[in-house]
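Everything on this sheet refers to the single structure shown next.
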Amino acid sequence: MKKILIVAGARPNFMKIAPIVRALDADSPLDYKIIHTGQHYGADMSDRFFDELDIPAPHYNLNVGSASHAVQTAAIMVRFEEVCLKEKPDMVVVVGDVNSTVACGLVAKKLDIKLAHVEAGLRSHDRTMPEEINRIVTDSIADDLFVTEKQGLANLKREGHADETIHFVGHVMIDNLYYQLRKLSPLSSPIGMELKGLIGNRYAVCTMHRPSNVDNPENLTGLIETLATLSSTLPILFSCHPRTFSRIGEFGLLHHFSPWKQGEKINGSFVLTNPLGYMDFLCLWKDAVCVVTDSGGLQEETTALKIPCITTRMTTERPVTVETGSNEVIGLDWERLCSLFLGAASGSWKESRIPELWDGNASKRIVAILNER
């Protein structure tokens, strides 16, 4: 029986591999094992997280933890090589653009193992982003490139990849979104339901974690002060990444927020919460008036549900979310943030549509190709 190793290193990676795993279980003779590199870790990666996704816990956890890019990438390569030598897979499947993606891809090819990259071809054209380097390197060595949007096809063909290696399949992240929406209930999202009950029916959601936004005092201060002002028009729930929370405290910005803990009342309109689990966060943002974020995945998920999304980045590697979807990329233009936010609050937003093949069946197309390979 042919064997594949499916690699994930961060929470969003697991949301991308989950529909592939479910499709393999439903309709494939392939044997698979899930590898968690441990690049992201913590209580939010508990057994409940895997239960929510309806996938087994990882067969291997490499436990690499946090470190510099070089140290983390090297640690992943050393430990993943041991797994490959033991398991002797016929193919390695990597997703996304984190350090685990490129590290495990390099190991696979050095061992002459076939490599498939899910979410291939995305380009921000900003090589100061570590993720851009990871994407370019992984695509350059992959044997099969699974593409989410038409611009990805154009990027890969321009870079010289053979047509037979490129597969336009849609987006597994959207597969998982639709799947989790069907499962969503008060029991699966108790914190989300509690926050909704406290904040009311009309609110915005914010999440922020990229160094360019949160590590620069001037940038983070401008963003937080602008959102604090806007929250008087429409309440804002800020699900705060640990890195962001640390910087908010360090830069003296906590006074702008109303910190909230489960079981407590909300006093104020700019509400700061701990990082929320996937189902709790989905429960909130799916009904938001708008979302303010620097997340790549959330740009896509909001596009799939046609929810106004304001992205605080200079570029996006997901142009389809802007060209046909509900996303607007504003960089650090706080005046534009105000204009777009107030427009969304008043019901004024551009027309959008769901991108081609974002129909919930990308994982089935991928597994069909894997079966053929």
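Order determines the names: the first chain of the structure tokens is A, the second B, and so forth; residues in each chain are numbered 1 upward, and ligands are numbered 1 upward as they are shown.
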| message | Residues within 7 Å of Thr37 of chain A, please, as a PyMOL selection string. Count only C-alpha atoms; anything in the same chain fewer than 3 positions from it doesn't count. | response | chain A and resi 8-9+61-64+76+100
| request: Write out as a PyMOL selection string all residues of segment 7-126 of chain A that backbone DSSP assigns to helix (DSSP H, G or I). | output: chain A and resi 11-27+43-45+47-53+69-87+99-110
| message | Applying 12 Å and only C-alpha atoms, which residues near Gly38 of chain A remain after dropping the ones on its own chain fewer than 3 positions away? List them as a ChimeraX atom specification. | response | /A:7-11,13-14,35,41-42,45,58,60-67,72-73,75-76,79-80,98-100
Taking C-alpha atoms for each residue, export the selection above as a compact mmCIF listing (two decimals), in the first residue's frame.
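Saved to selection-v8.txt:
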```
# COMPACT_ATOMS: atom_id res chain seq x y z
CA VAL A 7 2.66 17.71 7.46
CA ALA A 8 1.21 20.51 9.58
CA GLY A 9 3.09 22.96 11.75
CA ALA A 10 0.57 25.63 12.77
CA ARG A 11 -3.12 25.81 13.66
CA ASN A 13 -2.22 24.13 8.65
CA PHE A 14 -4.39 21.64 10.52
CA ILE A 35 3.06 14.82 11.26
CA TYR A 41 1.91 24.56 20.33
CA GLY A 42 -0.05 25.19 23.53
CA MET A 45 -3.67 22.54 20.26
CA PRO A 58 -1.00 13.49 14.90
CA TYR A 60 4.12 12.12 15.24
CA ASN A 61 4.80 15.34 17.14
CA LEU A 62 8.29 16.69 16.48
CA ASN A 63 8.02 19.25 19.33
CA VAL A 64 10.36 21.79 17.75
CA GLY A 65 8.85 24.80 19.54
CA SER A 66 9.68 28.47 18.98
CA ALA A 67 13.06 29.69 17.79
CA GLN A 72 13.46 26.25 13.91
CA THR A 73 13.81 25.23 10.26
CA ALA A 75 15.29 21.43 13.96
CA ILE A 76 12.29 20.49 11.84
CA ARG A 79 13.53 15.47 13.21
CA PHE A 80 11.44 15.05 10.07
CA VAL A 98 5.18 28.27 7.31
CA ASN A 99 8.71 27.14 8.17
CA SER A 100 7.46 23.56 8.50
```
| said: Just the number, please: distance in Å from atom CA of Lys110 of chain A to atom CA of Ile141 of chain A, one decimal. | reply: 10.1 Å
| field | Near-Thr321 of chain A list (10 Å; only C-alpha atoms; drop same-chain fewer than 4 positions) as an MDAnalysis selection string | value | chainID A and resid 149 299:304 306 309 316:317 325:329 352:355
Save out the residues we just selected, N, CA and C atoms, as an mmCIF file, in the first residue's frame.
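Writing the result to selection.cif gives the following:
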```cif
data_model
loop_
_atom_site.group_PDB
_atom_site.id
_atom_site.type_symbol
_atom_site.label_atom_id
_atom_site.label_comp_id
_atom_site.auth_asym_id
_atom_site.auth_seq_id
_atom_site.Cartn_x
_atom_site.Cartn_y
_atom_site.Cartn_z
ATOM 1 N N GLU A 149 -6.354 29.481 -6.654
ATOM 2 C CA GLU A 149 -6.965 30.552 -7.435
ATOM 3 C C GLU A 149 -6.214 30.735 -8.748
ATOM 4 N N GLN A 299 -8.691 36.393 5.337
ATOM 5 C CA GLN A 299 -9.054 37.091 4.094
ATOM 6 C C GLN A 299 -9.872 36.171 3.193
ATOM 7 N N GLU A 300 -9.477 34.896 3.140
ATOM 8 C CA GLU A 300 -10.155 33.939 2.273
ATOM 9 C C GLU A 300 -11.491 33.500 2.856
ATOM 10 N N GLU A 301 -11.506 33.209 4.140
ATOM 11 C CA GLU A 301 -12.748 32.734 4.753
ATOM 12 C C GLU A 301 -13.839 33.803 4.709
ATOM 13 N N THR A 302 -13.480 35.064 4.966
ATOM 14 C CA THR A 302 -14.485 36.125 4.878
ATOM 15 C C THR A 302 -14.970 36.299 3.443
ATOM 16 N N THR A 303 -14.079 36.114 2.476
ATOM 17 C CA THR A 303 -14.496 36.182 1.080
ATOM 18 C C THR A 303 -15.523 35.098 0.765
ATOM 19 N N ALA A 304 -15.302 33.898 1.299
ATOM 20 C CA ALA A 304 -16.226 32.789 1.039
ATOM 21 C C ALA A 304 -17.614 33.061 1.600
ATOM 22 N N LYS A 306 -18.666 36.285 2.074
ATOM 23 C CA LYS A 306 -18.987 37.644 1.614
ATOM 24 C C LYS A 306 -19.087 38.638 2.770
ATOM 25 N N CYS A 309 -13.977 42.579 4.720
ATOM 26 C CA CYS A 309 -12.710 42.341 5.401
ATOM 27 C C CYS A 309 -11.747 43.474 5.064
ATOM 28 N N THR A 316 -1.092 41.467 -0.589
ATOM 29 C CA THR A 316 -1.685 40.177 -0.262
ATOM 30 C C THR A 316 -1.277 39.152 -1.311
ATOM 31 N N GLU A 317 -0.957 37.948 -0.860
ATOM 32 C CA GLU A 317 -0.670 36.850 -1.775
ATOM 33 C C GLU A 317 -1.964 36.165 -2.212
ATOM 34 N N GLY A 325 -13.544 39.193 -4.417
ATOM 35 C CA GLY A 325 -14.111 38.975 -3.095
ATOM 36 C C GLY A 325 -14.380 40.243 -2.316
ATOM 37 N N SER A 326 -14.552 40.070 -1.025
ATOM 38 C CA SER A 326 -14.996 41.157 -0.160
ATOM 39 C C SER A 326 -13.855 41.825 0.596
ATOM 40 N N ASN A 327 -12.613 41.549 0.205
ATOM 41 C CA ASN A 327 -11.444 42.035 0.926
ATOM 42 C C ASN A 327 -10.942 43.368 0.369
ATOM 43 N N GLU A 328 -10.447 44.238 1.265
ATOM 44 C CA GLU A 328 -9.761 45.465 0.889
ATOM 45 C C GLU A 328 -8.436 45.518 1.637
ATOM 46 N N VAL A 329 -7.342 45.749 0.925
ATOM 47 C CA VAL A 329 -6.003 45.826 1.523
ATOM 48 C C VAL A 329 -5.625 47.296 1.670
ATOM 49 N N SER A 352 -19.379 41.515 -4.228
ATOM 50 C CA SER A 352 -18.365 40.470 -4.284
ATOM 51 C C SER A 352 -19.002 39.158 -4.701
ATOM 52 N N ARG A 353 -18.139 38.220 -5.091
ATOM 53 C CA ARG A 353 -18.636 36.884 -5.411
ATOM 54 C C ARG A 353 -17.627 35.857 -4.906
ATOM 55 N N ILE A 354 -18.064 34.627 -4.794
ATOM 56 C CA ILE A 354 -17.203 33.555 -4.305
ATOM 57 C C ILE A 354 -16.308 33.080 -5.450
ATOM 58 N N PRO A 355 -15.009 32.991 -5.237
ATOM 59 C CA PRO A 355 -14.088 32.592 -6.315
ATOM 60 C C PRO A 355 -14.397 31.201 -6.877
#
```
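Between Thr324 of chain A and the candidates A:Glu356, A:Asp294, A:Glu87, A:Glu164, the tightest atom-to-atom separation, counting only C-alpha atoms, involves A:Glu356.
Residues within 7 Å of segment 205-217 of chain A, counting only C-alpha atoms and excluding same-chain residues fewer than 2 positions away, are Tyr203, Asn219, Leu220, Thr221, Ile236, Leu237, Phe238, Ser239, Cys240, His241, Arg243, Thr244, Arg247, Phe251, Trp285, Ala288, Cys290, Val291, Val292, Thr293 and Asp294 of chain A.
The list of residues with at least one atom within 12 Å of Asp359 of chain A, based on only C-alpha atoms and without residues fewer than 2 positions apart in the same chain, reads Thr148, Val169, Gly170, His171, Val172, Met173, Ile174, Asp175, Asn176, Leu177, Tyr178, Tyr179, Ala304, Leu305, Ile354, Pro355, Glu356, Leu357, Asn361, Ala362, Ser363, Lys364 and Arg365 of chain A.
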Please save C-alpha atoms of the selected residues as an mmCIF file, in the first residue's frame.
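Once written, again_16.cif looks like this:
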```
data_model
loop_
_atom_site.group_PDB
_atom_site.id
_atom_site.type_symbol
_atom_site.label_atom_id
_atom_site.label_comp_id
_atom_site.auth_asym_id
_atom_site.auth_seq_id
_atom_site.Cartn_x
_atom_site.Cartn_y
_atom_site.Cartn_z
ATOM 1 C CA THR A 148 -6.409 27.695 -4.968
ATOM 2 C CA VAL A 169 -8.443 22.397 -7.376
ATOM 3 C CA GLY A 170 -9.982 25.154 -5.252
ATOM 4 C CA HIS A 171 -9.242 25.756 -1.606
ATOM 5 C CA VAL A 172 -9.156 23.224 1.244
ATOM 6 C CA MET A 173 -9.476 26.052 3.793
ATOM 7 C CA ILE A 174 -12.919 26.762 2.373
ATOM 8 C CA ASP A 175 -13.768 23.039 2.463
ATOM 9 C CA ASN A 176 -13.042 23.102 6.163
ATOM 10 C CA LEU A 177 -14.952 26.342 6.720
ATOM 11 C CA TYR A 178 -18.132 24.879 5.204
ATOM 12 C CA TYR A 179 -17.643 21.655 7.172
ATOM 13 C CA ALA A 304 -16.226 32.789 1.039
ATOM 14 C CA LEU A 305 -18.988 34.186 3.279
ATOM 15 C CA ILE A 354 -17.203 33.555 -4.305
ATOM 16 C CA PRO A 355 -14.088 32.592 -6.315
ATOM 17 C CA GLU A 356 -14.155 29.717 -8.792
ATOM 18 C CA LEU A 357 -13.996 26.199 -7.297
ATOM 19 C CA ASN A 361 -14.828 19.972 -2.841
ATOM 20 C CA ALA A 362 -11.138 20.892 -3.222
ATOM 21 C CA SER A 363 -10.010 18.066 -0.936
ATOM 22 C CA LYS A 364 -11.885 15.487 -3.018
ATOM 23 C CA ARG A 365 -10.131 16.746 -6.158
#
```
| field | Every residue of segment 112-169 of chain A that DSSP places in strand (DSSP E), as an NGL selection string | value | :A and (114-120 or 144-147 or 166-168)
Next, dump the selected residues to file, keeping only C-alpha atoms, as an mmCIF file, in the first residue's frame.
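Writing done, so here's selection.cif:
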```cif
data_model
loop_
_atom_site.group_PDB
_atom_site.id
_atom_site.type_symbol
_atom_site.label_atom_id
_atom_site.label_comp_id
_atom_site.auth_asym_id
_atom_site.auth_seq_id
_atom_site.Cartn_x
_atom_site.Cartn_y
_atom_site.Cartn_z
ATOM 1 C CA LYS A 114 7.700 12.887 -4.118
ATOM 2 C CA LEU A 115 6.451 16.234 -2.775
ATOM 3 C CA ALA A 116 3.000 17.793 -3.091
ATOM 4 C CA HIS A 117 2.317 21.403 -2.078
ATOM 5 C CA VAL A 118 -1.251 22.385 -1.234
ATOM 6 C CA GLU A 119 -1.940 26.133 -1.629
ATOM 7 C CA ALA A 120 0.811 26.511 -4.235
ATOM 8 C CA ASP A 144 2.569 18.355 -7.626
ATOM 9 C CA LEU A 145 1.262 21.878 -7.106
ATOM 10 C CA PHE A 146 -2.334 22.249 -5.880
ATOM 11 C CA VAL A 147 -3.591 25.748 -6.637
ATOM 12 C CA ILE A 166 -0.087 22.155 -11.771
ATOM 13 C CA HIS A 167 -3.605 21.359 -10.561
ATOM 14 C CA PHE A 168 -6.312 24.006 -10.075
#
```
| If you count only C-alpha atoms, which residues fall within 12 Å of Phe50 of chain A, apart from same-chain ones fewer than 2 positions away, as number ranges by chain? | A: 11, 14-15, 17-18, 21, 34, 36, 44-48, 52-58, 277-279
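Between atom CA of Lys196 of chain A and atom CA of Asn274 of chain A lies a distance of 15.4 Å.
Counting from atom CA of Ala70 of chain A, the distance to atom CA of Arg127 of chain A is 16.4 Å.
In this comparison, which uses only C-alpha atoms, the residue of A:Leu254, A:Phe49, A:Thr128, A:Leu85 approaching Leu276 of chain A most closely is A:Phe49.
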